>>> print(open('structure-v5.cif').read())   # mmCIF, C-alpha atoms (C1' of nucleotides)
data_input
loop_
_atom_site.label_atom_id
_atom_site.label_comp_id
_atom_site.auth_asym_id
_atom_site.auth_seq_id
_atom_site.Cartn_x
_atom_site.Cartn_y
_atom_site.Cartn_z
CA MET A 5 33.74 -55.26 16.54
CA GLY A 6 32.78 -55.79 12.96
CA PHE A 7 33.06 -52.10 12.23
CA ARG A 8 36.53 -52.48 10.84
CA ALA A 9 35.17 -55.00 8.35
CA LEU A 10 32.62 -52.41 7.21
CA ALA A 11 35.22 -49.70 6.66
CA ASP A 12 36.12 -50.85 3.17
CA PRO A 13 33.67 -50.13 0.31
CA THR A 14 34.53 -53.40 -1.43
CA ARG A 15 33.52 -55.34 1.66
CA ARG A 16 30.26 -53.40 2.02
CA ASN A 17 29.63 -54.19 -1.61
CA ILE A 18 30.23 -57.88 -1.01
CA LEU A 19 27.78 -57.89 1.89
CA GLN A 20 25.08 -56.41 -0.33
CA MET A 21 25.78 -59.01 -2.97
CA LEU A 22 25.51 -61.79 -0.41
CA ALA A 23 22.17 -60.41 0.71
CA ASN A 24 20.80 -61.42 -2.66
CA LYS A 25 22.60 -64.71 -3.15
CA ASN A 26 25.06 -66.97 -1.39
CA MET A 27 28.23 -67.11 -3.45
CA THR A 28 31.50 -68.96 -3.67
CA ILE A 29 34.78 -67.06 -3.54
CA ALA A 30 35.18 -67.32 -7.29
CA GLU A 31 31.66 -66.04 -7.88
CA VAL A 32 32.24 -63.05 -5.64
CA ALA A 33 35.58 -62.39 -7.32
CA ASP A 34 33.93 -62.33 -10.73
CA ASN A 35 32.22 -59.12 -9.73
CA PHE A 36 35.46 -57.23 -9.11
CA GLN A 37 38.54 -56.21 -11.03
CA MET A 38 40.96 -57.28 -8.34
CA THR A 39 42.44 -60.74 -8.05
CA ARG A 40 40.63 -63.62 -6.42
CA ALA A 41 43.24 -63.61 -3.67
CA ALA A 42 42.40 -60.01 -2.80
CA VAL A 43 38.68 -60.81 -2.71
CA LYS A 44 39.37 -63.79 -0.49
CA LYS A 45 41.22 -61.52 1.93
CA HIS A 46 38.16 -59.31 2.11
CA LEU A 47 35.99 -62.35 2.74
CA THR A 48 38.33 -63.43 5.52
CA ILE A 49 38.06 -60.03 7.17
CA LEU A 50 34.28 -60.14 6.84
CA HIS A 51 34.33 -63.58 8.44
CA GLU A 52 36.60 -62.41 11.27
CA GLY A 53 34.14 -59.57 11.84
CA ASN A 54 31.34 -62.15 12.07
CA LEU A 55 29.55 -60.56 9.16
CA ILE A 56 29.53 -63.64 6.96
CA SER A 57 29.47 -67.40 7.39
CA ILE A 58 31.56 -69.74 5.26
CA GLN A 59 30.31 -73.21 4.54
CA ALA A 60 32.64 -75.74 2.89
CA GLU A 61 31.07 -77.73 0.08
CA GLY A 62 33.48 -80.05 -1.64
CA ARG A 63 36.23 -77.94 -3.08
CA SER A 64 34.33 -74.68 -2.82
CA ARG A 65 33.34 -72.37 0.02
CA LEU A 66 29.87 -70.92 0.06
CA ASN A 67 29.77 -67.47 1.64
CA SER A 68 26.58 -66.16 3.17
CA LEU A 69 25.52 -63.23 5.31
CA ASN A 70 25.76 -63.66 9.06
CA THR A 71 22.55 -62.14 10.31
CA ASP A 72 23.60 -62.13 13.93
CA GLY A 73 26.86 -60.30 13.23
CA LEU A 74 25.14 -57.64 11.18
CA LYS A 75 22.49 -57.09 13.82
CA GLN A 76 25.17 -56.89 16.48
CA VAL A 77 26.92 -54.08 14.60
CA MET A 78 23.64 -52.31 14.05
CA SER A 79 22.86 -52.48 17.74
CA TRP A 80 25.88 -50.31 18.50
CA PHE A 81 23.82 -47.38 17.31
CA ASP A 82 21.23 -48.09 19.99
CA TYR A 83 23.49 -46.15 22.32
CA PHE A 84 22.33 -42.98 20.61
CA ASP A 85 18.63 -43.74 20.83
CA GLY A 86 18.08 -41.13 23.51
CA PHE A 87 20.03 -38.61 21.53
CA TRP A 88 17.66 -38.36 18.61
CA ASP A 89 14.92 -36.98 20.83
CA GLU A 90 16.96 -34.53 22.87
CA HIS A 91 18.87 -32.88 20.05
CA LEU A 92 16.73 -32.02 17.10
CA ASP A 93 19.50 -30.39 15.09
CA THR A 94 17.79 -30.82 11.77
CA LEU A 95 14.59 -29.32 13.09
CA LYS A 96 16.46 -26.36 14.51
CA ILE A 97 18.09 -25.69 11.16
CA GLU A 98 14.74 -25.84 9.42
CA ILE A 99 13.28 -23.34 11.89
CA GLU A 100 16.19 -20.97 11.36
CA LYS A 101 15.71 -21.23 7.63
CA ASP A 102 12.06 -20.30 8.02
CA MET A 103 12.96 -17.23 10.05
CA GLN A 104 15.16 -15.77 7.33
CA MET B 100 30.96 -43.00 3.75
CA GLY B 101 31.44 -42.43 7.43
CA PHE B 102 32.10 -46.10 7.98
CA ARG B 103 35.83 -45.61 7.90
CA ALA B 104 35.49 -43.10 10.72
CA LEU B 105 33.68 -45.75 12.77
CA ALA B 106 36.36 -48.38 12.24
CA ASP B 107 38.52 -47.16 15.11
CA PRO B 108 37.40 -47.92 18.70
CA THR B 109 38.76 -44.61 19.98
CA ARG B 110 36.57 -42.75 17.53
CA ARG B 111 33.48 -44.78 18.44
CA ASN B 112 34.31 -43.96 22.05
CA ILE B 113 34.51 -40.25 21.25
CA LEU B 114 31.13 -40.34 19.55
CA GLN B 115 29.55 -41.88 22.62
CA MET B 116 31.14 -39.22 24.80
CA LEU B 117 29.83 -36.49 22.55
CA ALA B 118 26.37 -37.98 22.81
CA ASN B 119 26.38 -36.97 26.46
CA LYS B 120 28.12 -33.62 26.21
CA ASN B 121 29.63 -31.31 23.62
CA MET B 122 33.33 -31.04 24.28
CA THR B 123 36.38 -29.10 23.20
CA ILE B 124 39.41 -30.90 21.82
CA ALA B 125 41.24 -30.57 25.12
CA GLU B 126 38.24 -31.96 27.03
CA VAL B 127 38.01 -34.97 24.74
CA ALA B 128 41.75 -35.51 24.99
CA ASP B 129 41.56 -35.55 28.79
CA ASN B 130 39.71 -38.85 28.52
CA PHE B 131 42.50 -40.63 26.69
CA GLN B 132 46.11 -41.52 27.27
CA MET B 133 47.28 -40.42 23.84
CA THR B 134 48.42 -36.92 23.01
CA ARG B 135 46.03 -34.13 22.21
CA ALA B 136 47.37 -34.11 18.66
CA ALA B 137 46.35 -37.73 18.17
CA VAL B 138 42.88 -37.05 19.54
CA LYS B 139 42.55 -34.08 17.26
CA LYS B 140 43.38 -36.32 14.29
CA HIS B 141 40.57 -38.63 15.30
CA LEU B 142 38.23 -35.67 15.58
CA THR B 143 39.28 -34.54 12.11
CA ILE B 144 38.49 -37.97 10.69
CA LEU B 145 35.13 -37.97 12.47
CA HIS B 146 34.45 -34.56 10.97
CA GLU B 147 35.47 -35.69 7.49
CA GLY B 148 33.07 -38.59 7.93
CA ASN B 149 30.33 -36.10 8.79
CA LEU B 150 29.84 -37.70 12.16
CA ILE B 151 30.60 -34.60 14.22
CA SER B 152 30.27 -30.86 13.83
CA ILE B 153 32.95 -28.44 14.96
CA GLN B 154 31.97 -25.00 16.10
CA ALA B 155 34.65 -22.38 16.71
CA GLU B 156 34.21 -20.38 19.88
CA GLY B 157 37.02 -17.95 20.49
CA ARG B 158 40.18 -19.95 20.69
CA SER B 159 38.46 -23.28 21.29
CA ARG B 160 36.52 -25.68 19.10
CA LEU B 161 33.36 -27.25 20.40
CA ASN B 162 32.77 -30.71 19.01
CA SER B 163 29.28 -32.14 18.83
CA LEU B 164 27.55 -35.12 17.29
CA ASN B 165 26.30 -34.72 13.75
CA THR B 166 22.90 -36.33 13.86
CA ASP B 167 22.49 -36.35 10.10
CA GLY B 168 25.79 -38.10 9.48
CA LEU B 169 25.07 -40.77 12.05
CA LYS B 170 21.62 -41.41 10.64
CA GLN B 171 23.08 -41.58 7.16
CA VAL B 172 25.48 -44.31 8.18
CA MET B 173 22.72 -46.16 9.97
CA SER B 174 20.56 -46.02 6.88
CA TRP B 175 23.10 -48.11 4.98
CA PHE B 176 21.74 -51.08 6.86
CA ASP B 177 18.29 -50.45 5.40
CA TYR B 178 19.52 -52.33 2.35
CA PHE B 179 19.19 -55.53 4.36
CA ASP B 180 15.67 -54.87 5.61
CA GLY B 181 14.22 -57.49 3.31
CA PHE B 182 16.85 -59.97 4.34
CA TRP B 183 15.79 -60.27 7.95
CA ASP B 184 12.41 -61.65 6.95
CA GLU B 185 13.56 -64.05 4.25
CA HIS B 186 16.41 -65.68 6.12
CA LEU B 187 15.57 -66.51 9.69
CA ASP B 188 18.89 -68.15 10.44
CA THR B 189 18.66 -67.74 14.17
CA LEU B 190 15.17 -69.18 14.27
CA LYS B 191 16.25 -72.18 12.21
CA ILE B 192 19.09 -72.90 14.61
CA GLU B 193 16.74 -72.72 17.57
CA ILE B 194 14.35 -75.17 15.93
CA GLU B 195 17.17 -77.58 15.18
CA LYS B 196 18.28 -77.38 18.79
CA ASP B 197 14.79 -78.26 19.94
CA MET B 198 14.68 -81.31 17.70
CA GLN B 199 17.77 -82.84 19.24
"C1'" DT C 89 45.39 -91.29 -12.22
"C1'" DC C 90 45.86 -87.01 -14.05
"C1'" DA C 91 44.62 -82.50 -15.21
"C1'" DA C 92 41.61 -78.84 -14.26
"C1'" DA C 93 39.08 -76.18 -10.81
"C1'" DA C 94 38.58 -73.97 -6.28
"C1'" DT C 95 40.78 -72.56 -2.68
"C1'" DG C 96 44.80 -71.99 0.92
"C1'" DA C 97 49.02 -69.80 2.04
"C1'" DT C 98 52.88 -66.88 1.80
"C1'" DA C 99 56.01 -63.30 0.50
"C1'" DC C 100 56.14 -58.91 -1.07
"C1'" DC C 101 55.01 -53.80 -2.03
"C1'" DA C 102 52.95 -49.18 -1.84
"C1'" DA C 103 49.79 -46.53 0.56
"C1'" DA C 104 47.19 -45.42 4.57
"C1'" DC C 105 46.94 -45.09 9.52
"C1'" DA C 106 47.75 -44.28 14.55
"C1'" DG C 107 50.59 -42.04 17.20
"C1'" DT C 108 54.50 -38.84 18.85
"C1'" DA C 109 57.25 -34.74 18.88
"C1'" DT C 110 57.77 -30.16 17.71
"C1'" DC C 111 56.95 -25.62 16.33
"C1'" DA C 112 53.64 -22.01 14.81
"C1'" DT C 113 49.23 -19.22 15.52
"C1'" DA C 114 45.48 -17.02 17.71
"C1'" DA C 115 42.87 -15.34 21.44
"C1'" DA C 116 42.14 -14.11 26.68
"C1'" DG C 117 43.51 -12.09 30.82
"C1'" DG C 118 46.07 -9.29 33.47
"C1'" DC D 30 52.40 -6.09 25.76
"C1'" DC D 31 53.23 -10.59 27.56
"C1'" DT D 32 52.08 -14.95 29.06
"C1'" DT D 33 49.05 -18.61 29.03
"C1'" DT D 34 45.76 -21.48 26.82
"C1'" DA D 35 43.73 -23.87 22.97
"C1'" DT D 36 44.46 -25.21 18.75
"C1'" DG D 37 46.81 -25.72 13.84
"C1'" DA D 38 50.28 -27.81 11.16
"C1'" DT D 39 54.03 -30.60 9.85
"C1'" DA D 40 57.54 -34.06 9.83
"C1'" DC D 41 58.62 -38.50 11.21
"C1'" DT D 42 57.95 -43.61 12.63
"C1'" DG D 43 56.17 -48.31 13.21
"C1'" DT D 44 52.19 -50.96 11.91
"C1'" DT D 45 48.32 -52.23 9.28
"C1'" DT D 46 45.99 -52.62 4.98
"C1'" DG D 47 44.73 -53.44 0.13
"C1'" DG D 48 46.53 -55.53 -3.50
"C1'" DT D 49 49.53 -58.65 -6.58
"C1'" DA D 50 52.20 -62.66 -7.68
"C1'" DT D 51 53.29 -67.23 -6.85
"C1'" DC D 52 53.14 -71.80 -5.33
"C1'" DA D 53 50.84 -75.55 -2.56
"C1'" DT D 54 46.66 -78.34 -1.45
"C1'" DT D 55 42.29 -80.53 -2.21
"C1'" DT D 56 38.48 -82.14 -4.92
"C1'" DT D 57 36.24 -83.42 -9.16
"C1'" DG D 58 35.62 -85.57 -13.50
"C1'" DA D 59 37.11 -87.81 -17.59
#
>>> encode(input="structure-v5.cif", output="structure tokens")
Amino acid sequence: MGFRALADPTRRNILQMLANKNMTIAEVADNFQMTRAAVKKHLTILHEGNLISIQAEGRSRLNSLNTDGLKQVMSWFDYFDGFWDEHLDTLKIEIEKDMQ
Amino acid sequence: MGFRALADPTRRNILQMLANKNMTIAEVADNFQMTRAAVKKHLTILHEGNLISIQAEGRSRLNSLNTDGLKQVMSWFDYFDGFWDEHLDTLKIEIEKDMQ
DNA sequence: TCAAAATGATACCAAACAGTATCATAAAGG
DNA sequence: CCTTTATGATACTGTTTGGTATCATTTTGA
């Protein structure tokens, strides 16, 4: 699953950047302190996690969000859909607060 | 963020188990091959990621899902809400397929 | 065609991680 | 009390990860 790709804050940051604009490796790297090679590794991991697409254009690679991959990760949480209704933890806490 | 806690498949598995039933450490460990100590480490990481709550009961610890933490992680994806509308990648692909 | 630009690839390192093994506590039950 | 049960804590190990440094490859433009 793409969850491993989401574990690193730099990679989550990259995804948010790519939501606003498709960027080459160099462009992405400009937004970080680390070397371009390190950024490229992150992009590779994001690609392996199906969270971004990489399109070759001449000598550069244009990175863009992979909608399907993101949605697929999000859909993991669907498993808990039934849970939200059954266990209203937050509500219970609020009620207990009121009773004090 | 709790994303790191979600990176490991064992931990995602544990969360799904806890969605059905609150369990002690030993109970959770019964569902895996690894040692109880290893499972407990995973539970600790899940707790640090605010994805589960641990309630002491006598000499045992009852682990349960932390609704708030889960929702918080899910809400990270809200950042991309606007993206789904603007970039209909999947739709575009389908149209291109039809035109062939 | 040659140098710069963009990336690929690889070796390397320190830190983090998953897991085991082992011993120490704490609480229940008899 | 004493033993069992459930957990805490720690040391140790192999692997992965995030990052750098370095060199190779490909494309572009003068």
>>> residues_around(input="structure-v5.cif", residues="segment 101-106 of chain C", least_positions_apart="3", cutoff="12 Å", atoms="all atoms listed in the file", output="ChimeraX atom specification")
/B:103-104,106-110,133-134,136-141,144 /D:42-50
>>> calpha_fit_rmsd(input="structure-v5.cif", fixed="chain B", moving="chain A")
0.1 Å
>>> resolve_selection(input="structure-v5.cif", expression="the PyMOL selection byres ((chain C and resi 113) around 10)", output="PDB file with C-alpha atoms (C1' of nucleotides), in the coordinates of the input")
ATOM      1  C1'  DA C 112      53.640 -22.010  14.810  1.00  0.00           C
ATOM      2  C1'  DA C 114      45.480 -17.020  17.710  1.00  0.00           C
ATOM      3  C1'  DA C 115      42.870 -15.340  21.440  1.00  0.00           C
TER       4       DA C 115
ATOM      5  C1'  DT D  36      44.460 -25.210  18.750  1.00  0.00           C
ATOM      6  C1'  DG D  37      46.810 -25.720  13.840  1.00  0.00           C
ATOM      7  C1'  DA D  38      50.280 -27.810  11.160  1.00  0.00           C
TER       8       DA D  38
END
>>> atom_distance(input="structure-v5.cif", atom1="atom CA of Ala155 of chain B", atom2="atom CA of Asn121 of chain B")
12.4 Å
>>> interface_residues(input="structure-v5.cif", of="chain C", to="chain A", cutoff="10 Å", atoms="only C-alpha atoms (C1' of nucleotides)", output="MDAnalysis selection string")
chainID C and resid 93:96
>>> closest_residue(input="structure-v5.cif", among="B:Met116, B:Asp177, B:Gln154, B:Thr166", to="chain A", atoms="only C-alpha atoms")
B:Thr166
>>> atom_distance(input="structure-v5.cif", atom1="atom CA of Phe179 of chain B", atom2="atom CA of Phe87 of chain A")
24.1 Å
>>> atom_distance(input="structure-v5.cif", atom1="atom CA of Gln76 of chain A", atom2="atom CA of Phe7 of chain A")
10.2 Å
>>> resolve_selection(input="structure-v5.cif", expression="the PyMOL selection byres ((chain B and resi 119) around 12)", output="list in words")
Tyr83, Phe84, Asp85, Gly86, Phe87, Trp88, Glu90 and His91 of chain A; Asn112, Ile113, Leu114, Gln115, Met116, Leu117, Ala118, Lys120, Asn121, Met122, Val127, Asn162, Ser163 and Leu164 of chain B
>>> residues_around(input="structure-v5.cif", residues="DT32 of chain D", least_positions_apart="3", cutoff="12 Å", atoms="all atoms listed in the file", output="JSON, numbers by chain")
{"C": [115, 116, 117, 118]}
>>> residues_around(input="structure-v5.cif", residues="DC52 of chain D", least_positions_apart="6", cutoff="12 Å", atoms="only C-alpha atoms (C1' of nucleotides)", output="ChimeraX atom specification")
/C:96-99
>>> closest_residue(input="structure-v5.cif", among="A:Gly6, A:Leu66, A:Gly53, A:Gln37", to="chain B", atoms="all atoms listed in the file")
A:Gly6
>>> resolve_selection(input="structure-v5.cif", expression="the PyMOL selection byres ((chain B and resi 149) around 8)", output="list in words")
Gly101, Leu145, His146, Glu147, Gly148, Leu150, Ile151, Ser152, Asn165, Asp167, Gly168 and Leu169 of chain B
>>> closest_residue(input="structure-v5.cif", among="A:Leu47, A:Leu10, A:Glu31, A:Ser79", to="chain B", atoms="all atoms listed in the file")
A:Leu10
>>> closest_residue(input="structure-v5.cif", among="B:Asp184, B:Thr143, B:Arg111, B:Met173", to="chain D", atoms="all atoms listed in the file")
B:Thr143
